[in-house]
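As stored in query_20.txt (compact mmCIF, C-alpha atoms and all ligand atoms):
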```
# COMPACT_ATOMS: atom_id res chain seq x y z
CA MET A 1 -0.48 -22.37 14.58
CA GLN A 2 -1.75 -18.81 14.45
CA THR A 3 -4.24 -18.17 11.64
CA VAL A 4 -3.97 -14.76 10.02
CA LEU A 5 -6.58 -13.46 7.59
CA VAL A 6 -4.84 -11.15 5.13
CA THR A 7 -7.13 -9.16 2.83
CA GLY A 8 -5.69 -7.79 -0.42
CA GLY A 9 -2.74 -10.17 -0.16
CA ALA A 10 -2.30 -10.44 -3.94
CA GLY A 11 -1.63 -6.71 -4.29
CA PHE A 12 1.59 -4.81 -3.77
CA ILE A 13 2.02 -4.42 0.01
CA GLY A 14 -0.26 -7.37 0.82
CA SER A 15 1.81 -9.83 -1.23
CA ASN A 16 5.05 -8.50 0.23
CA PHE A 17 3.48 -8.95 3.68
CA VAL A 18 2.47 -12.56 2.95
CA HIS A 19 6.04 -13.31 1.78
CA TYR A 20 7.42 -11.61 4.89
CA LEU A 21 5.07 -13.25 7.40
CA LEU A 22 5.44 -16.80 6.11
CA GLY A 23 9.23 -16.36 6.20
CA ALA A 24 9.41 -14.68 9.60
CA GLU A 25 6.79 -16.69 11.54
CA PRO A 26 7.01 -20.48 11.28
CA GLN A 27 3.80 -20.74 13.32
CA ALA A 28 1.69 -18.52 11.03
CA ARG A 29 -0.93 -19.80 8.59
CA VAL A 30 -2.27 -17.23 6.11
CA ILE A 31 -5.78 -17.13 4.66
CA ASN A 32 -5.41 -14.67 1.80
CA LEU A 33 -8.69 -13.09 0.64
CA ASP A 34 -8.34 -11.05 -2.55
CA ALA A 35 -10.77 -10.17 -5.33
CA LEU A 36 -7.96 -10.06 -7.92
CA THR A 37 -8.90 -6.66 -9.28
CA TYR A 38 -6.58 -5.09 -11.86
CA ALA A 39 -4.11 -4.45 -9.00
CA GLY A 40 -3.92 -8.01 -7.70
CA SER A 41 -2.22 -11.00 -9.28
CA LEU A 42 -1.47 -14.59 -8.34
CA GLU A 43 1.94 -14.02 -9.92
CA ASN A 44 2.71 -11.93 -6.84
CA LEU A 45 2.39 -15.08 -4.77
CA VAL A 46 4.73 -17.45 -6.58
CA ASP A 47 7.85 -18.50 -4.66
CA LEU A 48 6.26 -18.09 -1.23
CA PRO A 49 8.61 -19.30 1.51
CA ALA A 50 6.06 -21.82 2.89
CA PRO A 51 3.22 -22.32 0.37
CA GLU A 52 1.72 -25.13 2.50
CA ARG A 53 0.82 -22.51 5.13
CA HIS A 54 -0.92 -20.26 2.59
CA ILE A 55 -4.55 -20.62 1.49
CA PHE A 56 -5.71 -18.29 -1.28
CA VAL A 57 -9.41 -17.41 -1.56
CA GLN A 58 -10.56 -15.30 -4.49
CA GLY A 59 -13.41 -13.12 -3.26
CA ASP A 60 -14.73 -9.71 -2.41
CA ILE A 61 -14.48 -8.18 1.07
CA CYS A 62 -17.96 -6.72 0.47
CA ASP A 63 -19.39 -10.26 0.29
CA ALA A 64 -20.66 -10.70 3.87
CA GLY A 65 -21.57 -14.37 3.39
CA LEU A 66 -18.12 -15.25 2.13
CA VAL A 67 -16.29 -13.26 4.80
CA GLU A 68 -18.39 -14.77 7.61
CA SER A 69 -17.82 -18.26 6.24
CA LEU A 70 -14.05 -17.73 6.42
CA PHE A 71 -14.30 -16.78 10.10
CA GLN A 72 -16.45 -19.91 10.69
CA GLN A 73 -14.22 -22.25 8.72
CA TYR A 74 -10.84 -21.16 10.06
CA GLU A 75 -10.04 -20.16 13.61
CA ILE A 76 -8.89 -16.67 12.65
CA GLN A 77 -6.97 -14.87 15.40
CA VAL A 78 -5.53 -11.97 13.47
CA VAL A 79 -6.89 -9.90 10.59
CA VAL A 80 -4.48 -7.70 8.63
CA HIS A 81 -6.65 -5.63 6.31
CA PHE A 82 -4.94 -4.31 3.17
CA ALA A 83 -7.69 -4.74 0.53
CA ALA A 84 -8.60 -1.38 -0.94
CA GLU A 85 -8.78 0.72 -4.05
CA THR A 86 -5.53 2.64 -3.72
CA HIS A 87 -4.67 4.90 -6.64
CA VAL A 88 -5.44 8.59 -6.06
CA ASP A 89 -5.71 9.37 -9.80
CA ARG A 90 -8.28 6.58 -10.27
CA SER A 91 -10.27 7.93 -7.31
CA ILE A 92 -10.58 11.20 -9.19
CA VAL A 93 -11.92 9.36 -12.26
CA ASP A 94 -14.17 6.82 -10.44
CA PRO A 95 -14.76 7.55 -6.73
CA GLY A 96 -17.63 5.02 -6.48
CA ALA A 97 -15.32 1.99 -6.49
CA PHE A 98 -13.41 3.54 -3.58
CA VAL A 99 -16.55 4.16 -1.52
CA ARG A 100 -17.64 0.57 -2.05
CA THR A 101 -14.43 -1.31 -1.28
CA ASN A 102 -12.79 1.02 1.22
CA ILE A 103 -15.87 1.88 3.30
CA GLN A 104 -18.45 -0.85 2.68
CA GLY A 105 -15.75 -3.52 2.49
CA THR A 106 -14.13 -2.47 5.76
CA TYR A 107 -17.53 -2.37 7.44
CA THR A 108 -18.35 -5.89 6.17
CA LEU A 109 -15.05 -7.22 7.49
CA LEU A 110 -15.50 -5.50 10.86
CA GLU A 111 -18.99 -6.96 11.29
CA ALA A 112 -17.80 -10.49 10.49
CA ALA A 113 -14.81 -10.08 12.83
CA ARG A 114 -17.00 -8.74 15.63
CA LYS A 115 -19.45 -11.65 15.36
CA ALA A 116 -16.68 -14.25 15.31
CA TRP A 117 -14.72 -12.60 18.13
CA SER A 118 -17.72 -12.16 20.43
CA ALA A 119 -18.84 -15.78 19.84
CA ALA A 120 -15.38 -17.26 20.45
CA PRO A 121 -14.57 -18.75 23.85
CA GLN A 122 -12.35 -16.34 25.81
CA ALA A 123 -9.66 -18.92 26.66
CA PRO A 124 -6.58 -17.67 28.56
CA GLY A 125 -3.80 -16.75 26.16
CA ARG A 126 -6.21 -16.60 23.24
CA THR A 127 -5.87 -13.20 21.67
CA PHE A 128 -7.60 -11.52 18.77
CA ARG A 129 -6.49 -8.56 16.70
CA PHE A 130 -8.01 -6.60 13.81
CA HIS A 131 -5.27 -4.53 12.23
CA HIS A 132 -6.26 -1.90 9.68
CA VAL A 133 -3.63 -0.73 7.19
CA SER A 134 -4.18 2.92 6.41
CA THR A 135 -2.47 5.92 4.93
CA ASP A 136 -0.95 9.26 5.88
CA GLU A 137 -3.19 10.86 3.23
CA VAL A 138 -6.01 11.01 5.81
CA TYR A 139 -4.15 13.95 7.39
CA GLY A 140 -4.29 16.10 4.24
CA ALA A 141 -1.32 18.17 3.06
CA LEU A 142 1.42 19.98 5.01
CA LYS A 143 2.29 23.62 4.37
CA PRO A 144 5.97 24.61 4.22
CA GLY A 145 7.45 24.51 7.73
CA GLU A 146 4.47 22.73 9.31
CA PRO A 147 5.43 19.84 11.61
CA ALA A 148 5.15 16.26 10.32
CA PHE A 149 1.94 14.22 10.79
CA SER A 150 1.63 12.69 14.25
CA GLU A 151 -1.07 10.38 15.57
CA THR A 152 -2.96 13.41 16.90
CA THR A 153 -2.95 15.45 13.69
CA PRO A 154 -6.60 16.16 12.79
CA TYR A 155 -7.98 14.30 9.78
CA ALA A 156 -8.37 16.47 6.64
CA PRO A 157 -8.49 14.09 3.64
CA ASN A 158 -8.34 15.83 0.27
CA SER A 159 -8.87 13.18 -2.43
CA PRO A 160 -11.78 10.75 -2.73
CA TYR A 161 -9.26 7.97 -2.00
CA ALA A 162 -8.08 9.68 1.21
CA ALA A 163 -11.66 10.44 2.26
CA THR A 164 -12.69 6.79 1.96
CA LYS A 165 -9.61 5.65 3.89
CA ALA A 166 -10.43 8.22 6.59
CA ALA A 167 -13.98 6.85 6.78
CA SER A 168 -12.66 3.32 7.15
CA ASP A 169 -10.27 4.43 9.92
CA HIS A 170 -13.19 5.98 11.80
CA LEU A 171 -15.22 2.78 11.48
CA VAL A 172 -12.35 0.67 12.80
CA ARG A 173 -11.80 3.03 15.71
CA ALA A 174 -15.53 3.04 16.50
CA TYR A 175 -15.66 -0.78 16.59
CA GLY A 176 -12.84 -0.69 19.12
CA HIS A 177 -14.45 2.02 21.21
CA THR A 178 -18.04 0.79 21.13
CA PHE A 179 -17.74 -2.99 20.97
CA GLY A 180 -14.31 -3.46 22.52
CA LEU A 181 -13.04 -5.22 19.37
CA PRO A 182 -9.21 -5.32 19.75
CA VAL A 183 -8.26 -3.07 16.84
CA THR A 184 -5.09 -1.26 15.82
CA ILE A 185 -4.57 1.15 12.94
CA SER A 186 -1.36 2.14 11.17
CA ASN A 187 -1.13 5.22 8.96
CA CYS A 188 1.76 4.87 6.59
CA SER A 189 3.47 7.03 4.00
CA ASN A 190 4.30 6.16 0.36
CA ASN A 191 5.63 2.65 -0.16
CA TYR A 192 7.81 1.44 -3.01
CA GLY A 193 9.52 -1.85 -3.85
CA PRO A 194 8.97 -5.13 -5.72
CA ARG A 195 5.57 -6.01 -7.23
CA GLN A 196 4.09 -2.50 -7.17
CA TYR A 197 1.61 -2.03 -10.03
CA PRO A 198 3.15 0.36 -12.58
CA GLU A 199 0.53 3.08 -12.16
CA LYS A 200 2.22 4.60 -9.08
CA LEU A 201 5.11 7.03 -9.46
CA ILE A 202 8.18 4.84 -8.87
CA PRO A 203 7.22 1.66 -10.78
CA LEU A 204 5.71 3.77 -13.59
CA MET A 205 8.98 5.66 -14.00
CA ILE A 206 11.02 2.43 -14.00
CA ALA A 207 8.65 0.67 -16.44
CA ASN A 208 8.48 3.67 -18.80
CA GLY A 209 12.23 4.29 -18.48
CA LEU A 210 13.01 0.68 -19.45
CA ALA A 211 10.69 0.99 -22.47
CA GLY A 212 11.99 4.40 -23.53
CA ARG A 213 8.62 6.01 -22.90
CA PRO A 214 8.08 9.53 -21.48
CA LEU A 215 8.38 10.01 -17.71
CA PRO A 216 5.37 12.20 -16.78
CA VAL A 217 6.04 14.53 -13.84
CA TYR A 218 2.92 16.27 -12.53
CA GLY A 219 3.04 20.08 -12.18
CA ASP A 220 6.43 21.41 -11.10
CA GLY A 221 7.57 18.09 -9.58
CA GLN A 222 8.24 19.78 -6.24
CA GLN A 223 5.61 17.81 -4.30
CA VAL A 224 7.09 15.90 -1.38
CA ARG A 225 6.32 12.34 -0.20
CA ASP A 226 7.85 10.36 2.68
CA TRP A 227 9.14 7.21 0.97
CA LEU A 228 9.27 3.84 2.75
CA TYR A 229 10.66 0.56 1.38
CA VAL A 230 7.83 -1.99 1.45
CA GLU A 231 9.70 -4.63 3.48
CA ASP A 232 10.19 -2.09 6.26
CA HIS A 233 6.44 -1.42 6.21
CA CYS A 234 5.66 -5.15 6.49
CA GLN A 235 7.95 -5.43 9.50
CA ALA A 236 6.34 -2.39 11.11
CA ILE A 237 2.81 -3.78 10.62
CA TRP A 238 3.73 -7.09 12.23
CA THR A 239 5.39 -5.21 15.09
CA VAL A 240 2.15 -3.28 15.68
CA VAL A 241 0.08 -6.48 15.51
CA ARG A 242 2.30 -8.20 18.08
CA ARG A 243 3.12 -5.35 20.42
CA GLY A 244 0.78 -2.44 19.66
CA VAL A 245 -1.87 -1.47 22.19
CA PRO A 246 -5.49 -2.24 21.16
CA GLY A 247 -7.42 0.91 20.33
CA GLU A 248 -4.25 2.78 19.31
CA THR A 249 -2.90 4.22 16.08
CA TYR A 250 0.72 4.16 14.91
CA ASN A 251 2.23 6.34 12.19
CA ILE A 252 4.82 4.67 9.95
CA GLY A 253 7.22 6.53 7.66
CA GLY A 254 10.54 6.21 5.91
CA GLY A 255 12.25 9.44 6.92
CA ASN A 256 13.02 10.12 3.22
CA GLN A 257 11.39 13.29 1.89
CA PRO A 258 12.84 14.48 -1.44
CA PRO A 259 10.68 16.25 -4.04
CA ASN A 260 9.21 14.01 -6.76
CA LEU A 261 11.54 15.39 -9.44
CA GLU A 262 14.57 14.34 -7.39
CA VAL A 263 13.14 10.81 -7.00
CA VAL A 264 12.62 10.59 -10.77
CA GLU A 265 16.13 11.92 -11.51
CA THR A 266 17.65 9.41 -9.08
CA LEU A 267 15.80 6.59 -10.83
CA CYS A 268 17.06 7.87 -14.19
CA ALA A 269 20.64 7.79 -12.90
CA ILE A 270 20.16 4.19 -11.68
CA LEU A 271 18.72 3.16 -15.07
CA ASP A 272 21.68 4.87 -16.81
CA GLU A 273 24.03 2.66 -14.81
CA TYR A 274 22.07 -0.51 -15.52
CA GLN A 275 21.51 0.27 -19.21
CA PRO A 276 24.32 2.54 -20.42
CA ALA A 277 23.83 1.39 -24.02
CA ALA A 278 20.08 2.18 -24.14
CA PRO A 279 19.24 4.51 -27.08
CA TYR A 280 17.41 6.89 -24.70
CA CYS A 281 20.31 7.25 -22.28
CA PRO A 282 20.57 9.54 -20.32
CA HIS A 283 17.10 8.52 -19.13
CA ARG A 284 16.43 11.99 -17.73
CA SER A 285 15.91 13.11 -21.33
CA LEU A 286 12.60 11.19 -21.12
CA ILE A 287 11.23 13.47 -18.35
CA GLN A 288 8.16 15.47 -19.36
CA PHE A 289 6.31 17.96 -17.17
CA VAL A 290 2.57 17.41 -17.56
CA ALA A 291 -0.61 18.95 -16.16
CA ASP A 292 -0.94 18.60 -12.41
CA ARG A 293 -3.29 16.25 -10.51
CA PRO A 294 -6.47 18.08 -9.40
CA GLY A 295 -6.32 18.83 -5.67
CA HIS A 296 -2.73 17.53 -5.53
CA ASP A 297 -1.41 17.35 -1.94
CA ARG A 298 1.83 19.31 -1.81
CA ARG A 299 3.71 17.67 1.05
CA TYR A 300 3.52 14.68 3.39
CA ALA A 301 5.91 13.85 6.23
CA ILE A 302 5.56 11.37 9.07
CA ASP A 303 6.54 11.86 12.69
CA MET A 304 7.66 8.34 13.69
CA THR A 305 8.36 9.15 17.34
CA ARG A 306 5.63 6.93 18.74
CA ILE A 307 6.43 3.69 16.91
CA GLN A 308 10.15 4.26 17.49
CA GLN A 309 9.85 4.93 21.21
CA GLU A 310 7.01 2.59 22.17
CA LEU A 311 7.61 -0.36 19.83
CA ASN A 312 11.29 0.13 19.02
CA TRP A 313 10.70 0.00 15.24
CA ARG A 314 12.62 2.06 12.68
CA PRO A 315 13.08 1.67 8.92
CA SER A 316 16.24 -0.11 7.82
CA HIS A 317 16.42 1.16 4.23
CA THR A 318 17.48 4.58 3.00
CA LEU A 319 15.81 5.83 -0.18
CA ALA A 320 19.09 5.30 -2.06
CA SER A 321 19.41 1.64 -1.02
CA GLY A 322 15.69 0.96 -1.51
CA LEU A 323 15.57 2.47 -5.00
CA VAL A 324 18.55 0.42 -6.17
CA LYS A 325 16.90 -2.77 -4.87
CA THR A 326 13.59 -1.81 -6.46
CA ALA A 327 15.07 -1.02 -9.87
CA ALA A 328 17.03 -4.31 -9.72
CA TRP A 329 13.79 -6.23 -9.07
CA TYR A 330 12.01 -4.63 -12.05
CA LEU A 331 15.00 -5.32 -14.29
CA ALA A 332 15.10 -8.95 -13.20
CA ASN A 333 11.32 -9.30 -13.63
CA GLN A 334 10.71 -7.57 -16.94
CA GLY A 335 8.25 -10.33 -17.91
CA TRP A 336 6.05 -9.31 -14.94
CA VAL A 337 6.11 -5.69 -16.11
CA ARG A 338 5.56 -6.52 -19.79
CA LYS A 339 2.51 -8.66 -19.04
CA ILE A 340 0.85 -5.67 -17.39
CA GLN A 341 1.95 -3.31 -20.15
CA GLN A 342 0.29 -5.61 -22.70
CA GLN A 343 -3.06 -5.63 -20.88
CA GLU A 344 -5.73 -3.59 -22.63
CA SER A 345 -7.06 -2.29 -19.30
CA TYR A 346 -3.61 -0.93 -18.43
CA GLN A 347 -3.21 0.76 -21.81
CA GLN A 348 -6.68 2.25 -21.45
CA TRP A 349 -5.77 3.59 -18.02
CA LEU A 350 -2.60 5.24 -19.34
CA ALA A 351 -4.52 6.79 -22.23
CA ARG A 352 -7.26 8.02 -19.92
CA ASN A 353 -4.96 9.48 -17.27
CA TYR A 354 -2.22 10.95 -19.44
CA SER A 355 -3.69 11.88 -22.84
CA GLN A 356 -5.43 14.96 -21.40
CA ARG A 357 -2.33 16.20 -19.57
CA GLY A 358 -0.45 17.38 -22.64
CA ASP A 359 3.20 16.99 -23.57
CA MET A 360 3.04 13.13 -23.61
CA LYS A 361 3.84 11.35 -26.85
P1 LIG B 401 -2.79 -2.43 -4.31
O1 LIG B 401 -3.71 -1.56 -5.09
O2 LIG B 401 -1.48 -2.81 -4.88
O3 LIG B 401 -3.54 -3.79 -3.94
C1 LIG B 401 -4.84 -3.83 -3.44
C2 LIG B 401 -5.27 -5.30 -3.39
O4 LIG B 401 -6.60 -5.34 -2.86
C3 LIG B 401 -5.31 -5.97 -4.77
O5 LIG B 401 -4.71 -7.24 -4.69
C4 LIG B 401 -6.79 -6.08 -5.08
O6 LIG B 401 -7.11 -7.19 -5.88
C5 LIG B 401 -7.38 -6.20 -3.68
N1 LIG B 401 -8.77 -5.74 -3.63
C6 LIG B 401 -9.28 -4.58 -4.11
N2 LIG B 401 -10.61 -4.53 -3.90
C7 LIG B 401 -10.93 -5.66 -3.24
C8 LIG B 401 -12.15 -6.18 -2.74
N3 LIG B 401 -13.30 -5.51 -2.88
N4 LIG B 401 -12.13 -7.37 -2.11
C9 LIG B 401 -10.97 -8.07 -1.99
N5 LIG B 401 -9.79 -7.63 -2.45
C10 LIG B 401 -9.77 -6.44 -3.08
O7 LIG B 401 -2.63 -1.71 -2.91
P2 LIG B 401 -1.34 -1.45 -2.00
O8 LIG B 401 -0.60 -0.30 -2.55
O9 LIG B 401 -0.67 -2.73 -1.78
O10 LIG B 401 -2.06 -0.95 -0.65
C11 LIG B 401 -2.51 -1.89 0.32
C12 LIG B 401 -3.11 -1.14 1.49
O11 LIG B 401 -2.12 -0.29 2.06
C13 LIG B 401 -4.29 -0.25 1.13
O12 LIG B 401 -5.24 -0.34 2.16
C14 LIG B 401 -3.68 1.15 1.07
O13 LIG B 401 -4.65 2.13 1.39
C15 LIG B 401 -2.62 1.05 2.12
N6 LIG B 401 -1.46 1.94 1.94
C16 LIG B 401 -0.77 1.93 0.75
C17 LIG B 401 0.36 2.73 0.61
C18 LIG B 401 1.15 2.76 -0.66
O14 LIG B 401 2.06 3.59 -0.79
N7 LIG B 401 0.91 1.86 -1.62
C19 LIG B 401 0.77 3.55 1.67
C20 LIG B 401 0.02 3.55 2.86
C21 LIG B 401 -1.09 2.72 2.98
O1 LIG B 402 0.95 8.47 1.10
C1 LIG B 402 0.51 7.15 1.00
C2 LIG B 402 -0.20 6.95 -0.31
O2 LIG B 402 0.80 6.96 -1.31
C3 LIG B 402 -1.02 5.67 -0.40
O3 LIG B 402 -2.03 5.71 0.57
C4 LIG B 402 -1.62 5.51 -1.79
O4 LIG B 402 -2.32 4.28 -1.89
C5 LIG B 402 -0.49 5.53 -2.79
O5 LIG B 402 -1.03 5.46 -4.10
C6 LIG B 402 0.36 6.78 -2.63
O6 LIG B 402 -0.36 7.96 -3.06
P1 LIG B 402 0.34 9.09 -3.96
O7 LIG B 402 -0.69 9.79 -4.72
O8 LIG B 402 1.29 9.88 -3.14
O9 LIG B 402 1.23 8.12 -4.90
P2 LIG B 402 1.56 8.17 -6.47
O10 LIG B 402 2.63 7.15 -6.70
O11 LIG B 402 0.34 8.10 -7.31
O12 LIG B 402 2.19 9.61 -6.63
C7 LIG B 402 3.34 9.98 -5.91
C8 LIG B 402 3.66 11.41 -6.29
O13 LIG B 402 4.09 11.44 -7.66
C9 LIG B 402 2.48 12.34 -6.21
O14 LIG B 402 2.93 13.63 -5.78
C10 LIG B 402 1.97 12.43 -7.65
C11 LIG B 402 3.26 12.27 -8.45
N1 LIG B 402 3.11 11.62 -9.77
C12 LIG B 402 2.43 10.44 -9.83
C13 LIG B 402 2.25 9.79 -11.03
C14 LIG B 402 1.48 8.49 -11.11
C15 LIG B 402 3.66 12.18 -10.91
O15 LIG B 402 4.31 13.26 -10.84
N2 LIG B 402 3.50 11.54 -12.10
C16 LIG B 402 2.79 10.38 -12.23
O16 LIG B 402 2.66 9.86 -13.35
```

Turn this file's structure into structure tokens for me.
Amino acid sequence: MQTVLVTGGAGFIGSNFVHYLLGAEPQARVINLDALTYAGSLENLVDLPAPERHIFVQGDICDAGLVESLFQQYEIQVVVHFAAETHVDRSIVDPGAFVRTNIQGTYTLLEAARKAWSAAPQAPGRTFRFHHVSTDEVYGALKPGEPAFSETTPYAPNSPYAATKAASDHLVRAYGHTFGLPVTISNCSNNYGPRQYPEKLIPLMIANGLAGRPLPVYGDGQQVRDWLYVEDHCQAIWTVVRRGVPGETYNIGGGNQPPNLEVVETLCAILDEYQPAAPYCPHRSLIQFVADRPGHDRRYAIDMTRIQQELNWRPSHTLASGLVKTAAWYLANQGWVRKIQQQESYQQWLARNYSQRGDMK
């Protein structure tokens, strides 16, 4: 058995990763450490392929005592670190939470991992890996015509979220360089797919579209993201953990770079097909242009050459196939969406983020 500590495994990508890993690796046992913030839910962990190999621990990655006790209690060989505050708009409203979890939390985890790893007997064949899941936002924004982000693009984070992720990347790299901790980092572009909290663009548009609510497009809607289906990301992370070189970074992207407005219009067309009798069909009539995000990064794009050539990984979904699958999941799981929509904290977030932007009913 290989014991894998997954942090943030009740959130969007983390829970998809736990589903993926338990299904793909019969020898993997998962210790899932998650604080269950607004973004995490145990509902994301129902129907796991092998629940007997999954241990859930509710707790904070900033809690050094708890994190150290997990390393002592379980013989952890791999850490896959997802836990973070992740929404750029929230980082503009409350950067402090991002500094705490993304920087202090990553530091706490690194310290506990370093202690456990340096105390463990170095038996032949016994390997250790600390994998840090990061973002392409650490590279800043691309100007028109500029080449896509590669692993050597200088860091230039623009939002408080991106700045805290950049800080955490530097800490991880430093622990590899200074202490020899076997670390890898992956910097990935925008994910979408099942179980994504409906504050991010794609699930928000689906959830609002299904409810006949306005679809708020920031600014002119011509910002560009590099969209990756979440299952492809999970596969890429596990590929890096198994075959990536310690101390190295791998960029992960989807190779899909339409402007936001096109993504929203595509989703509207999918919803039209699923719900032709809806009173607000065509769904594109729900689109509203609203005030832009402060400091909004205009364009991201990922150069995937390294992970393709060195680790032979490439995404298997196009944006068209991924969006159809994603919309189908939200339609089949409307109870999951409605529960979030009924939460006071969610309604407060929508009011706070959108009421000042104008043009929203
Ligand atoms: P998410 O917001 O959906 O989930 C984050 C999870 O972390 C939640 O389950 C939450 O409860 C947990 N968490 C938050 N603070 C915690 C703490 N202090 N201690 C323990 N658990 C805590 O996030 P996501 O979109 O799944 O992103 C996961 C990781 O992937 C993040 O590190 C993010 O920076 C990175 N990433 C995300 C994307 C994307 O498009 N979503 C792209 C690239 C990288
Ligand atoms: O690039 C990877 C990053 O992608 C991750 O590291 C972040 O955790 C994740 O949140 C995501 O950041 P973005 O800011 O790109 O994602 P978001 O879904 O919030 O926004 C995507 C684009 O859509 C962005 O240009 C802003 C725009 N947008 C977003 C929302 C929520 C809108 O036009 N309207 C909206 O209501």

If we count all atoms listed in the file and set the cut-off at 10 Å, which residues sit around Phe17 in chain A, ignoring sequence neighbours fewer than 2 positions away in its own chain? Please answer as an MDAnalysis selection string. chainID A and resid 6 9:15 19:23 80 82 230:235 237:238

Please extract the residues at most 8 Å from ligand LIG 402 (chain B), counting only C-alpha atoms and all ligand atoms, and provide them as a VMD selection string, using the chain letters and residue numbers of this document. chain A and resid 85 to 89 134 to 137 161 to 162 188 to 191 199 to 202 204 to 205 215 to 219 221 223 to 226 260 to 261 292 to 293 296 to 300 354

Go through A:Gln288, A:Thr7, A:Gln77, A:Gln275 one by one, measure the shortest atom-to-atom distance of each to ligand LIG 401 (chain B) using only C-alpha atoms and all ligand atoms, and give the residue with the smallest value.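 Between A:Gln288, A:Thr7, A:Gln77, A:Gln275, the residue approaching ligand LIG 401 (chain B) most closely is A:Thr7.
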
Show which residues sit within 12 Å of Val172 in chain A, as a PDB file with C-alpha atoms, in the frame of the given file. Count only C-alpha atoms, and ignore same-chain residues fewer than 5 positions away.
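Final output, saved to out36.pdb:
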```pdb
ATOM      1  CA  HIS A  81      -6.650  -5.630   6.310  1.00  0.00           C
ATOM      2  CA  ASN A 102     -12.790   1.020   1.220  1.00  0.00           C
ATOM      3  CA  ILE A 103     -15.870   1.880   3.300  1.00  0.00           C
ATOM      4  CA  GLN A 104     -18.450  -0.850   2.680  1.00  0.00           C
ATOM      5  CA  GLY A 105     -15.750  -3.520   2.490  1.00  0.00           C
ATOM      6  CA  THR A 106     -14.130  -2.470   5.760  1.00  0.00           C
ATOM      7  CA  TYR A 107     -17.530  -2.370   7.440  1.00  0.00           C
ATOM      8  CA  THR A 108     -18.350  -5.890   6.170  1.00  0.00           C
ATOM      9  CA  LEU A 109     -15.050  -7.220   7.490  1.00  0.00           C
ATOM     10  CA  LEU A 110     -15.500  -5.500  10.860  1.00  0.00           C
ATOM     11  CA  GLU A 111     -18.990  -6.960  11.290  1.00  0.00           C
ATOM     12  CA  ALA A 113     -14.810 -10.080  12.830  1.00  0.00           C
ATOM     13  CA  ARG A 114     -17.000  -8.740  15.630  1.00  0.00           C
ATOM     14  CA  ARG A 129      -6.490  -8.560  16.700  1.00  0.00           C
ATOM     15  CA  PHE A 130      -8.010  -6.600  13.810  1.00  0.00           C
ATOM     16  CA  HIS A 131      -5.270  -4.530  12.230  1.00  0.00           C
ATOM     17  CA  HIS A 132      -6.260  -1.900   9.680  1.00  0.00           C
ATOM     18  CA  VAL A 133      -3.630  -0.730   7.190  1.00  0.00           C
ATOM     19  CA  SER A 134      -4.180   2.920   6.410  1.00  0.00           C
ATOM     20  CA  LYS A 165      -9.610   5.650   3.890  1.00  0.00           C
ATOM     21  CA  ALA A 166     -10.430   8.220   6.590  1.00  0.00           C
ATOM     22  CA  ALA A 167     -13.980   6.850   6.780  1.00  0.00           C
ATOM     23  CA  HIS A 177     -14.450   2.020  21.210  1.00  0.00           C
ATOM     24  CA  THR A 178     -18.040   0.790  21.130  1.00  0.00           C
ATOM     25  CA  PHE A 179     -17.740  -2.990  20.970  1.00  0.00           C
ATOM     26  CA  GLY A 180     -14.310  -3.460  22.520  1.00  0.00           C
ATOM     27  CA  LEU A 181     -13.040  -5.220  19.370  1.00  0.00           C
ATOM     28  CA  PRO A 182      -9.210  -5.320  19.750  1.00  0.00           C
ATOM     29  CA  VAL A 183      -8.260  -3.070  16.840  1.00  0.00           C
ATOM     30  CA  THR A 184      -5.090  -1.260  15.820  1.00  0.00           C
ATOM     31  CA  ILE A 185      -4.570   1.150  12.940  1.00  0.00           C
ATOM     32  CA  SER A 186      -1.360   2.140  11.170  1.00  0.00           C
ATOM     33  CA  PRO A 246      -5.490  -2.240  21.160  1.00  0.00           C
ATOM     34  CA  GLY A 247      -7.420   0.910  20.330  1.00  0.00           C
ATOM     35  CA  GLU A 248      -4.250   2.780  19.310  1.00  0.00           C
ATOM     36  CA  THR A 249      -2.900   4.220  16.080  1.00  0.00           C
TER      37      THR A 249
END
```

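The shortest atom-to-atom distance to Val264 in chain A, with all atoms listed in the file taken into account, belongs to A:Gln222 out of A:Asn44, A:Gln222, A:Ser321, A:Thr239.
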
Between CA of Arg213 in chain A and CA of Val290 in chain A, what is the spacing in Å?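 A separation of 14.0 Å between them.
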
Using all atoms listed in the file, find the one residue out of A:Ala84, A:Val18, A:Thr127, A:Ile76 that sits nearest to Leu36 in chain A.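 Residue with the minimum atom-to-atom distance to Leu36 in chain A: A:Ala84.
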
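Across the model, the gap from atom C10 of ligand LIG 401 (chain B) to CA of Ile61 in chain A is 6.5 Å.
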
Pick out the closest residue to Ala24 in chain A from this set: A:Ala39, A:Leu311, A:Ala50, A:Leu350. Count all atoms listed in the file.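 When distances to Ala24 in chain A are compared using all atoms listed in the file, the smallest one comes from A:Ala50.
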
Could you check the closest approach to ligand LIG 401 (chain B) for each of A:Ala332, A:Ala28, A:Leu48, A:Cys62 and tell me which residue wins, using all atoms listed in the file?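 Using all atoms listed in the file, the shortest distance to ligand LIG 401 (chain B) belongs to A:Cys62.
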
Just the number, please: distance in Å from CA of Pro315 in chain A to CA of Asn16 in chain A, one decimal.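 Interatomic distance, CA of Pro315 in chain A to CA of Asn16 in chain A: 15.6 Å.
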
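Of the listed residues A:Ala120, A:Leu142, A:Ala35, A:Ala278, the one whose atoms come nearest to ligand LIG 401 (chain B) is A:Ala35, with distances taken using all atoms listed in the file.
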
Selection near Pro95 in chain A, 9 Å with all atoms listed in the file, sequence-local residues under 5 positions removed, as a list of chain:residue names: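 Everything that qualifies: A:Arg90, A:Arg100, A:Pro160, A:Tyr161, A:Thr164.
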